[in-house]
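Structure data follow from upload_38.cif (mmCIF, C-alpha atoms):
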data_data
loop_
_atom_site.label_atom_id
_atom_site.label_comp_id
_atom_site.auth_asym_id
_atom_site.auth_seq_id
_atom_site.Cartn_x
_atom_site.Cartn_y
_atom_site.Cartn_z
CA MET N 1 47.98 158.65 -185.52
CA LYS N 2 47.37 157.33 -189.01
CA THR N 3 48.49 153.81 -189.79
CA ASP N 4 50.82 155.08 -192.51
CA GLU N 5 52.54 157.30 -189.98
CA LEU N 6 52.93 154.38 -187.64
CA ILE N 7 54.45 152.30 -190.45
CA HIS N 8 56.90 155.08 -191.21
CA LEU N 9 57.79 155.22 -187.55
CA LEU N 10 58.27 151.47 -187.24
CA ALA N 11 60.44 151.42 -190.36
CA ALA N 12 62.64 154.09 -188.76
CA ASP N 13 63.33 151.58 -186.01
CA ALA N 14 64.54 148.91 -188.46
CA THR N 15 67.69 148.02 -186.61
CA PRO N 16 69.45 144.73 -187.32
CA VAL N 17 67.82 141.93 -185.37
CA ALA N 18 69.80 139.23 -183.61
CA ARG N 19 68.43 135.88 -184.74
CA HIS N 20 69.10 133.91 -181.58
CA ARG N 21 67.98 136.27 -178.86
CA ILE N 22 65.35 133.84 -177.58
CA GLU N 23 67.85 130.98 -177.38
CA GLN N 24 70.30 133.24 -175.58
CA ARG N 25 67.69 134.20 -173.03
CA PHE N 26 66.77 130.60 -172.37
CA ALA N 27 70.42 129.62 -172.04
CA LEU N 28 70.85 132.40 -169.52
CA ALA N 29 67.68 131.44 -167.66
CA THR N 30 68.77 127.79 -167.51
CA LEU N 31 72.13 128.79 -166.10
CA ALA N 32 70.58 131.18 -163.58
CA GLY N 33 68.07 128.52 -162.56
CA LEU N 34 70.80 125.95 -161.97
CA VAL N 35 72.96 128.38 -160.01
CA GLY N 36 69.98 129.53 -157.95
CA ALA N 37 68.94 125.96 -157.21
CA GLY N 38 72.53 125.05 -156.35
CA MET N 39 72.80 127.90 -153.88
CA ALA N 40 69.45 127.02 -152.30
CA LEU N 41 70.54 123.38 -152.09
CA MET N 42 73.71 124.28 -150.22
CA ALA N 43 71.84 126.66 -147.93
CA TRP N 44 68.92 124.37 -147.05
CA PHE N 45 69.74 120.73 -147.72
CA GLY N 46 73.44 120.20 -148.44
CA LEU N 47 74.85 117.46 -150.64
CA ARG N 48 74.14 113.89 -149.66
CA PRO N 49 76.95 112.77 -147.34
CA ASP N 50 77.68 109.65 -149.40
CA LEU N 51 77.84 111.52 -152.71
CA ALA N 52 81.22 110.01 -153.65
CA GLN N 53 79.99 106.42 -153.16
CA ALA N 54 76.64 107.17 -154.78
CA ALA N 55 78.41 108.52 -157.85
CA ALA N 56 79.67 104.99 -158.49
CA LEU N 57 76.10 103.68 -158.82
CA PRO N 58 74.33 103.73 -162.20
CA MET N 59 71.05 104.79 -160.58
CA PHE N 60 72.62 108.05 -159.39
CA TRP N 61 73.46 108.91 -162.99
CA GLY N 62 70.12 107.56 -164.09
CA LYS N 63 68.39 110.15 -161.91
CA LEU N 64 70.48 112.94 -163.37
CA ALA N 65 69.90 111.65 -166.90
CA PHE N 66 66.16 111.53 -166.25
CA ALA N 67 66.03 115.16 -165.16
CA ALA N 68 68.52 116.34 -167.78
CA SER N 69 66.72 114.65 -170.68
CA LEU N 70 63.44 116.22 -169.56
CA ALA N 71 65.18 119.58 -169.34
CA VAL N 72 66.46 119.24 -172.91
CA ALA N 73 63.01 118.24 -174.16
CA GLY N 74 61.48 121.14 -172.23
CA LEU N 75 63.92 123.59 -173.78
CA ALA N 76 63.18 122.28 -177.27
CA LEU N 77 59.47 122.72 -176.59
CA LEU N 78 59.79 126.22 -175.13
CA ARG N 79 61.86 127.38 -178.07
CA ARG N 80 58.87 126.68 -180.24
CA MET N 81 56.22 127.88 -177.81
CA ALA N 82 58.04 131.21 -177.61
CA ARG N 83 57.37 131.91 -181.30
CA PRO N 84 53.99 132.76 -182.81
CA GLY N 85 52.90 130.27 -185.44
CA ALA N 86 55.62 127.69 -184.72
CA THR N 87 54.37 124.12 -184.63
CA LEU N 88 55.38 121.97 -181.69
CA GLY N 89 56.48 119.14 -183.99
CA LEU N 90 58.22 116.22 -182.35
CA ALA N 91 59.27 118.27 -179.33
CA ALA N 92 56.10 117.40 -177.42
CA TRP N 93 56.62 113.67 -178.03
CA TRP N 94 60.20 113.74 -176.79
CA LEU N 95 58.87 115.03 -173.51
CA ALA N 96 56.98 111.77 -172.98
CA VAL N 97 60.03 109.54 -173.44
CA PRO N 98 61.86 110.01 -170.09
CA PRO N 99 58.75 109.44 -167.94
CA LEU N 100 57.81 106.36 -170.00
CA VAL N 101 61.30 104.92 -169.51
CA VAL N 102 61.18 105.56 -165.75
CA TRP N 103 57.67 104.14 -165.46
CA ALA N 104 58.76 101.01 -167.31
CA MET N 105 61.74 100.63 -164.97
CA ALA N 106 59.47 101.19 -161.97
CA ALA N 107 56.98 98.60 -163.21
CA VAL N 108 59.74 96.02 -163.65
CA THR N 109 61.16 96.77 -160.19
CA LEU N 110 57.77 96.50 -158.51
CA TRP N 111 56.91 93.33 -160.39
CA GLN N 112 60.16 91.65 -159.31
CA ALA N 113 59.84 92.78 -155.68
CA ALA N 114 58.12 90.79 -152.95
CA PRO N 115 54.63 92.18 -152.20
CA ALA N 116 55.70 93.50 -148.80
CA GLU N 117 58.56 95.48 -150.35
CA ARG N 118 56.46 97.28 -152.93
CA LEU N 119 55.11 100.07 -150.77
CA PRO N 120 58.53 100.90 -149.28
CA LEU N 121 59.94 101.03 -152.83
CA LEU N 122 57.28 103.57 -153.77
CA LEU N 123 57.48 105.71 -150.65
CA GLY N 124 61.18 105.50 -149.83
CA SER N 125 61.99 107.46 -146.70
CA THR N 126 61.47 111.00 -148.00
CA TRP N 127 58.22 110.95 -149.96
CA ARG N 128 56.64 113.52 -147.67
CA THR N 129 59.22 116.18 -148.41
CA CYS N 130 60.65 115.27 -151.82
CA PRO N 131 58.10 116.97 -154.10
CA PHE N 132 58.11 120.15 -152.03
CA ASN N 133 61.90 120.27 -151.89
CA ILE N 134 62.02 119.93 -155.66
CA ALA N 135 59.42 122.68 -156.02
CA ALA N 136 61.37 124.96 -153.68
CA LEU N 137 64.61 124.43 -155.60
CA SER N 138 62.75 125.12 -158.85
CA ALA N 139 61.62 128.58 -157.76
CA PRO N 140 64.65 130.52 -159.05
CA ALA N 141 64.47 128.67 -162.37
CA LEU N 142 60.75 129.36 -162.65
CA ALA N 143 61.34 133.09 -162.25
CA ALA N 144 64.21 132.94 -164.76
CA CYS N 145 62.25 130.94 -167.33
CA LEU N 146 59.24 133.25 -167.11
CA TRP N 147 61.64 136.15 -167.59
CA ALA N 148 63.02 134.43 -170.69
CA LEU N 149 59.52 133.96 -172.08
CA LYS N 150 58.74 137.59 -171.35
CA GLY N 151 61.28 138.43 -174.05
CA ALA N 152 59.37 136.33 -176.57
CA ALA N 153 55.84 136.10 -177.91
CA PRO N 154 54.03 132.97 -176.75
CA THR N 155 50.44 132.86 -178.00
CA ARG N 156 49.14 130.21 -175.60
CA LEU N 157 50.04 131.75 -172.31
CA ALA N 158 48.94 128.98 -169.94
CA TRP N 159 50.73 126.34 -171.97
CA ALA N 160 53.84 128.44 -172.29
CA GLY N 161 53.76 129.11 -168.54
CA ALA N 162 53.42 125.38 -167.93
CA GLY N 163 56.38 124.77 -170.22
CA ALA N 164 58.46 127.28 -168.27
CA GLY N 165 57.36 125.61 -165.03
CA LEU N 166 58.26 122.18 -166.33
CA LEU N 167 61.73 123.30 -167.41
CA ALA N 168 62.16 124.91 -163.98
CA GLY N 169 61.02 121.69 -162.34
CA THR N 170 63.54 119.60 -164.26
CA LEU N 171 66.35 121.99 -163.30
CA GLY N 172 65.29 121.89 -159.65
CA THR N 173 65.16 118.08 -159.81
CA LEU N 174 68.59 117.91 -161.41
CA VAL N 175 70.08 119.82 -158.49
CA TYR N 176 67.96 118.10 -155.83
CA ALA N 177 69.28 114.72 -157.01
CA LEU N 178 72.62 115.71 -155.47
CA HIS N 179 70.95 115.68 -152.05
CA CYS N 180 68.20 113.09 -152.42
CA PRO N 181 69.10 109.67 -150.97
CA GLU N 182 66.37 107.76 -152.86
CA MET N 183 67.61 105.30 -155.47
CA ALA N 184 64.54 103.23 -156.38
CA ALA N 185 62.91 103.70 -159.78
CA PRO N 186 59.34 103.50 -158.37
CA PHE N 187 60.11 106.40 -156.04
CA LEU N 188 61.41 108.56 -158.91
CA ALA N 189 58.52 107.58 -161.13
CA LEU N 190 56.11 108.96 -158.59
CA TRP N 191 57.66 111.67 -156.46
CA TYR N 192 60.16 113.27 -158.81
CA LEU N 193 57.38 113.77 -161.32
CA ALA N 194 55.10 115.06 -158.58
CA GLY N 195 57.82 117.55 -157.66
CA MET N 196 58.06 118.76 -161.25
CA ALA N 197 54.27 118.95 -161.50
CA ILE N 198 54.16 121.66 -158.81
CA PRO N 199 56.13 124.33 -160.72
CA THR N 200 54.47 123.19 -163.95
CA THR N 201 51.04 123.91 -162.49
CA LEU N 202 52.24 127.14 -160.97
CA GLY N 203 53.62 128.19 -164.36
CA ALA N 204 50.31 127.41 -166.04
CA VAL N 205 48.53 129.64 -163.52
CA LEU N 206 51.06 132.45 -163.75
CA GLY N 207 51.42 132.35 -167.54
CA PRO N 208 48.22 134.21 -168.48
CA ARG N 209 48.94 136.80 -165.77
CA LEU N 210 52.58 137.50 -166.51
CA LEU N 211 53.20 136.70 -170.14
CA ARG N 212 50.75 138.96 -172.01
CA TRP N 213 52.36 141.05 -174.72
CA MET M 1 52.66 131.26 -202.35
CA GLU M 2 53.42 134.44 -204.20
CA ILE M 3 52.47 136.58 -201.20
CA GLU M 4 54.50 134.40 -198.87
CA ASP M 5 57.64 134.66 -200.98
CA ARG M 6 57.37 138.40 -201.43
CA LEU M 7 56.62 139.14 -197.77
CA ARG M 8 59.36 136.80 -196.64
CA ALA M 9 61.98 138.44 -198.83
CA LEU M 10 60.94 141.90 -197.61
CA LEU M 11 60.88 140.87 -193.96
CA LEU M 12 64.29 139.22 -194.12
CA GLN M 13 65.73 142.38 -195.68
CA GLY M 14 64.01 144.37 -192.97
CA LEU M 15 65.53 142.21 -190.25
CA ASP M 16 68.90 143.08 -191.75
CA ALA M 17 68.05 146.77 -191.20
CA ASP M 18 66.83 147.61 -194.72
CA ALA M 19 64.29 150.27 -193.72
CA ALA M 20 62.79 150.71 -197.20
CA ALA M 21 62.10 146.99 -197.63
CA TYR M 22 60.78 146.81 -194.11
CA GLN M 23 58.41 149.70 -194.76
CA ARG M 24 57.06 147.94 -197.86
CA PHE M 25 56.62 144.78 -195.80
CA LEU M 26 54.60 146.63 -193.15
CA LYS M 27 52.59 148.48 -195.75
CA GLU M 28 51.56 145.34 -197.56
CA LEU M 29 50.97 143.58 -194.27
CA SER M 30 48.70 146.33 -193.02
CA ALA M 31 46.38 145.85 -196.01
CA HIS M 32 46.13 142.12 -195.34
CA LEU M 33 45.61 142.72 -191.63
CA ARG M 34 42.87 145.23 -192.27
CA ALA M 35 40.95 142.78 -194.46
CA PHE M 36 41.50 139.96 -191.96
CA LEU M 37 40.34 142.03 -188.99
CA ARG M 38 37.44 143.66 -190.80
CA ARG M 39 35.95 140.26 -191.54
CA ARG M 40 36.25 139.24 -187.90
CA LEU M 41 35.21 142.49 -186.27
CA ALA M 42 32.03 143.07 -188.25
CA GLN M 43 30.27 144.19 -185.06
CA TRP M 44 32.98 146.66 -184.12
CA PRO M 45 34.08 148.42 -187.32
CA ASP M 46 35.59 151.25 -185.25
CA ALA M 47 38.03 148.89 -183.63
CA VAL M 48 39.52 147.58 -186.86
CA GLU M 49 42.13 150.28 -187.37
CA ASP M 50 43.09 150.22 -183.69
CA LEU M 51 43.82 146.55 -183.95
CA VAL M 52 45.65 146.93 -187.26
CA GLN M 53 47.97 149.38 -185.52
CA GLU M 54 48.31 147.29 -182.41
CA THR M 55 49.15 144.23 -184.49
CA LEU M 56 51.70 146.12 -186.57
CA LEU M 57 53.32 147.35 -183.37
CA ALA M 58 53.37 143.77 -182.04
CA VAL M 59 54.84 142.42 -185.29
CA HIS M 60 57.54 145.05 -184.99
CA ASN M 61 58.31 144.56 -181.31
CA GLN M 62 58.34 140.78 -181.69
CA ARG M 63 60.17 140.55 -184.98
CA HIS M 64 63.06 138.78 -183.27
CA THR M 65 60.73 135.79 -182.81
CA TYR M 66 60.59 135.16 -186.56
CA ARG M 67 62.77 132.35 -187.84
CA PRO M 68 63.65 132.16 -191.53
CA GLU M 69 62.45 128.55 -191.81
CA MET M 70 58.93 129.54 -190.70
CA PRO M 71 56.29 130.76 -193.18
CA VAL M 72 55.82 134.51 -192.63
CA THR M 73 52.10 134.13 -193.21
CA ALA M 74 51.78 131.62 -190.36
CA TRP M 75 53.86 133.81 -188.07
CA VAL M 76 51.86 136.96 -188.78
CA HIS M 77 48.57 135.09 -188.63
CA ALA M 78 49.42 133.78 -185.16
CA ILE M 79 50.28 137.30 -183.96
CA ALA M 80 47.10 138.80 -185.45
CA ARG M 81 44.98 136.02 -184.00
CA TYR M 82 46.57 136.48 -180.58
CA LYS M 83 45.89 140.22 -180.63
CA LEU M 84 42.34 139.69 -181.87
CA VAL M 85 41.52 137.11 -179.19
CA ASP M 86 43.13 139.28 -176.54
CA TRP M 87 41.07 142.26 -177.66
CA LEU M 88 37.82 140.29 -177.87
CA ARG M 89 38.40 138.86 -174.42
CA SER M 90 39.03 142.19 -172.71
CA HIS M 91 36.29 143.83 -174.73
CA ALA M 92 33.78 141.15 -173.75
CA VAL M 93 34.73 141.61 -170.10
CA LYS M 94 34.36 145.36 -170.38
CA GLU M 95 31.04 145.09 -172.16
CA ALA M 96 29.70 142.63 -169.62
CA ARG M 97 30.79 144.95 -166.83
CA ASN M 98 29.23 148.03 -168.41
CA ASP M 99 26.14 146.26 -169.62
CA PRO M 100 23.24 148.01 -167.91
CA LEU M 101 21.01 145.60 -166.08
CA ASP M 102 17.70 147.34 -166.68
CA ASP M 103 16.38 148.26 -170.07
CA ALA M 104 15.32 151.77 -169.08
CA HIS M 105 18.92 152.66 -168.46
CA GLU M 106 19.95 151.23 -171.77
CA LEU M 107 17.23 153.17 -173.54
CA PHE M 108 18.44 156.46 -172.13
CA SER M 109 22.15 155.79 -172.26
CA SER M 110 23.76 159.02 -173.36
CA SER M 111 26.67 159.60 -175.68
CA ASP M 112 29.06 159.09 -172.75
CA ALA M 113 29.13 155.40 -173.38
CA GLU M 114 30.07 156.01 -176.98
CA ALA M 115 32.83 158.35 -175.99
CA ALA M 116 34.31 155.63 -173.84
CA GLU M 117 34.45 153.44 -176.91
CA ALA M 118 35.91 156.09 -179.14
CA ARG M 119 38.89 155.14 -181.21
CA ARG M 120 42.07 155.02 -179.31
CA ASP M 121 44.51 157.59 -180.54
CA LEU M 122 48.09 156.44 -180.50
CA GLY M 123 49.09 160.09 -180.80
CA GLN M 124 47.55 160.86 -177.42
CA LEU M 125 49.19 157.83 -175.86
CA LEU M 126 52.44 159.08 -177.27
CA GLN M 127 52.10 162.28 -175.25
CA THR M 128 52.37 160.25 -172.05
CA LEU M 129 55.83 158.96 -172.87
CA PRO M 130 58.94 160.65 -171.42
CA ASP M 131 60.64 163.25 -173.64
CA ARG M 132 63.64 161.13 -174.54
CA GLN M 133 61.26 158.61 -176.12
CA ARG M 134 58.54 160.98 -177.24
CA LEU M 135 60.66 163.54 -179.09
CA PRO M 136 62.46 161.10 -181.37
CA ILE M 137 59.13 159.45 -182.18
CA VAL M 138 57.36 162.74 -182.85
CA HIS M 139 60.07 163.97 -185.19
CA VAL M 140 60.50 160.70 -187.02
CA LYS M 141 56.74 160.27 -187.31
CA LEU M 142 55.21 163.72 -187.67
CA HIS M 143 57.91 165.34 -189.69
CA GLY M 144 59.04 162.23 -191.50
CA LEU M 145 62.62 163.03 -190.58
CA SER M 146 65.45 160.55 -190.71
CA VAL M 147 67.32 159.50 -187.63
CA VAL M 148 70.24 161.73 -188.56
CA GLU M 149 68.00 164.77 -189.06
CA THR M 150 66.16 164.11 -185.81
CA ALA M 151 69.46 163.86 -183.99
CA GLN M 152 70.55 167.24 -185.38
CA LEU M 153 67.24 168.85 -184.54
CA THR M 154 66.90 167.57 -180.98
CA GLY M 155 70.56 167.67 -180.04
CA LEU M 156 70.38 164.01 -179.10
CA SER M 157 72.99 161.61 -180.40
CA GLU M 158 71.97 159.31 -183.24
CA SER M 159 72.07 156.29 -180.99
CA ALA M 160 69.95 158.12 -178.40
CA VAL M 161 67.35 158.79 -181.10
CA LYS M 162 67.37 155.14 -182.16
CA ILE M 163 67.13 153.94 -178.58
CA GLY M 164 64.40 156.47 -177.86
CA VAL M 165 62.31 155.27 -180.79
CA HIS M 166 62.96 151.65 -179.92
CA ARG M 167 62.09 151.93 -176.24
CA GLY M 168 59.20 154.26 -176.98
CA LEU M 169 57.61 151.67 -179.26
CA LYS M 170 57.90 149.04 -176.55
CA ALA M 171 56.44 151.46 -174.02
CA LEU M 172 53.59 152.29 -176.39
CA ALA M 173 52.70 148.61 -176.71
CA ALA M 174 52.78 148.29 -172.92
CA LYS M 175 50.47 151.29 -172.57
CA ILE M 176 47.96 149.80 -175.00
CA ARG M 177 48.10 146.60 -172.96
CA GLY M 178 47.52 148.59 -169.79
CA MET M 179 44.36 150.11 -171.29
CA ALA M 180 42.80 146.76 -172.15
#

Could you render the structure from this file as structure tokens?
Amino acid sequence: MKTDELIHLLAADATPVARHRIEQRFALATLAGLVGAGMALMAWFGLRPDLAQAAALPMFWGKLAFAASLAVAGLALLRRMARPGATLGLAAWWLAVPPLVVWAMAAVTLWQAAPAERLPLLLGSTWRTCPFNIAALSAPALAACLWALKGAAPTRLAWAGAGAGLLAGTLGTLVYALHCPEMAAPFLALWYLAGMAIPTTLGAVLGPRLLRW
Amino acid sequence: MEIEDRLRALLLQGLDADAAAYQRFLKELSAHLRAFLRRRLAQWPDAVEDLVQETLLAVHNQRHTYRPEMPVTAWVHAIARYKLVDWLRSHAVKEARNDPLDDAHELFSSSDAEAAEARRDLGQLLQTLPDRQRLPIVHVKLHGLSVVETAQLTGLSESAVKIGVHRGLKALAAKIRGMA
């Protein structure tokens, strides 16, 4: 086929293009990821029994805010990664803010604690399972976010996959916080981020395999 | 900035379904792409037109990723670069795999090897698509018919022709990807 013929053919397919299709897909993927994680939570872990009391504590909302703010930053980043030639701009910097805040809180907590209390503050009672539970709850969101990226044109596939994994991790964390009994900042600073790192890494590995276009 | 402004205006019209403007956009783009790729594929002159076509197809299939506040030139450049890198990577792998280990073999390599590297023909790939995608594409392409005329000729509805062309172009891109 000659290139001119191809151009003629492509021009014949000049249908109106919806400007926000990528955003719509990510909105849908976010919703699907949250619903999927919620269903998995109810099936495997259940809500924490003292949810009503916990909801009165600022740290409970702090956990949700931590995950939610990372999710928003991740979405802002993915929106750009999904488009060829878009610069990442400030989006990448926003991603660093929630972890820095939590690390600062953790440092203050550890500094104020007696030496013997420091390790228990870091390990809590669920450190062995927490990252894996978060990763498991992130699985539906990871599939959904990769699907959303499949409808776009990322040019750095490993990075885009990592971005999808990170967003999935934040959504899984958001839902897992409804079960997780841990309330200490040092624990979150370590194990919540470790939990998010699992789907992020998985996304980076899967990206080049699944996202080619 | 003259090129940027002109291409941008044409593309935006094209995204609003102005086929004539869109065709001019693709036409002008193809000339820039050809020059860009020719400079970078000096060792593989035969591959230039393949990649021009593949990039045009990608620009078309991914045109929903363009945002009006982005420079068109940066957007297209990123797509062309992605396609070029992707091609070079798979080509390097293929060449390394087919690279004969002893020189005697290389000396006597027949024209088979060249045939394997012959230019990909989109027309042949087209033949592998199902009728409902192939026929609209063949009529719109080969005979230069409009969607309405193609619909009358094939007995398909106008929307079926449009959908056939649309899905066929996506399938074509997927087939090229499968070959790499």

| said: Distance cut-off 12 Å, counting only C-alpha atoms - which residues of chain N neighbour chain M? Return them as a PyMOL selection string. | reply: chain N and resi 1-24+79-87+149-157+208+211-213

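Between CA of Leu77 (chain N) and CA of Gly163 (chain N) lies a distance of 7.4 Å.
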
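Going from CA of Leu110 (chain N) to CA of Ala92 (chain N) covers 28.2 Å.
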
| field | Expansion of the PyMOL selection byres ((chain N and resi 162) around 7) into residues, as a PyMOL selection string | value | chain N and resi 158-161+163-166+200-201+203-204

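Take CA of Thr30 (chain N) and CA of Asp50 (chain N): the distance between them is 27.1 Å.
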
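Taking all atoms listed in the file into account, Leu142 (chain N) lies nearest to N:Leu167 out of the set N:Leu90, N:Leu167, N:Ala76, N:Val108.
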
| request: Return as a VMD selection string the set of residues that the PyMOL selection byres ((chain N and resi 97-106) around 9) yields on the displayed structure. | output: chain N and resid 65 to 67 69 to 70 93 to 96 107 to 111 122 184 to 190 193

What are the closest atom pairs, with distances in Å to one decimal, for all residues of region 6-79 of chain N lying within 12 Å of region 124-134 of chain N? Consider all atoms listed in the file, order rows by chain and residue number, and present the result as a Markdown table.
| residue | atom | partner | partner_atom | distance |
| --- | --- | --- | --- | --- |
| N:Ala37 | CA | N:Ile134 | CA | 9.3 |
| N:Gly38 | CA | N:Ile134 | CA | 11.7 |
| N:Ala40 | CA | N:Asn133 | CA | 10.1 |
| N:Leu41 | CA | N:Asn133 | CA | 9.2 |
| N:Trp44 | CA | N:Asn133 | CA | 9.5 |
| N:Phe45 | CA | N:Asn133 | CA | 8.9 |
| N:Ala67 | CA | N:Ile134 | CA | 11.4 |

Atoms to include: C-alpha atoms. Write the selected residues as a compact mmCIF listing (two decimals), in the frame of the given file.
# COMPACT_ATOMS: atom_id res chain seq x y z
CA ALA N 37 68.94 125.96 -157.21
CA GLY N 38 72.53 125.05 -156.35
CA ALA N 40 69.45 127.02 -152.30
CA LEU N 41 70.54 123.38 -152.09
CA TRP N 44 68.92 124.37 -147.05
CA PHE N 45 69.74 120.73 -147.72
CA ALA N 67 66.03 115.16 -165.16
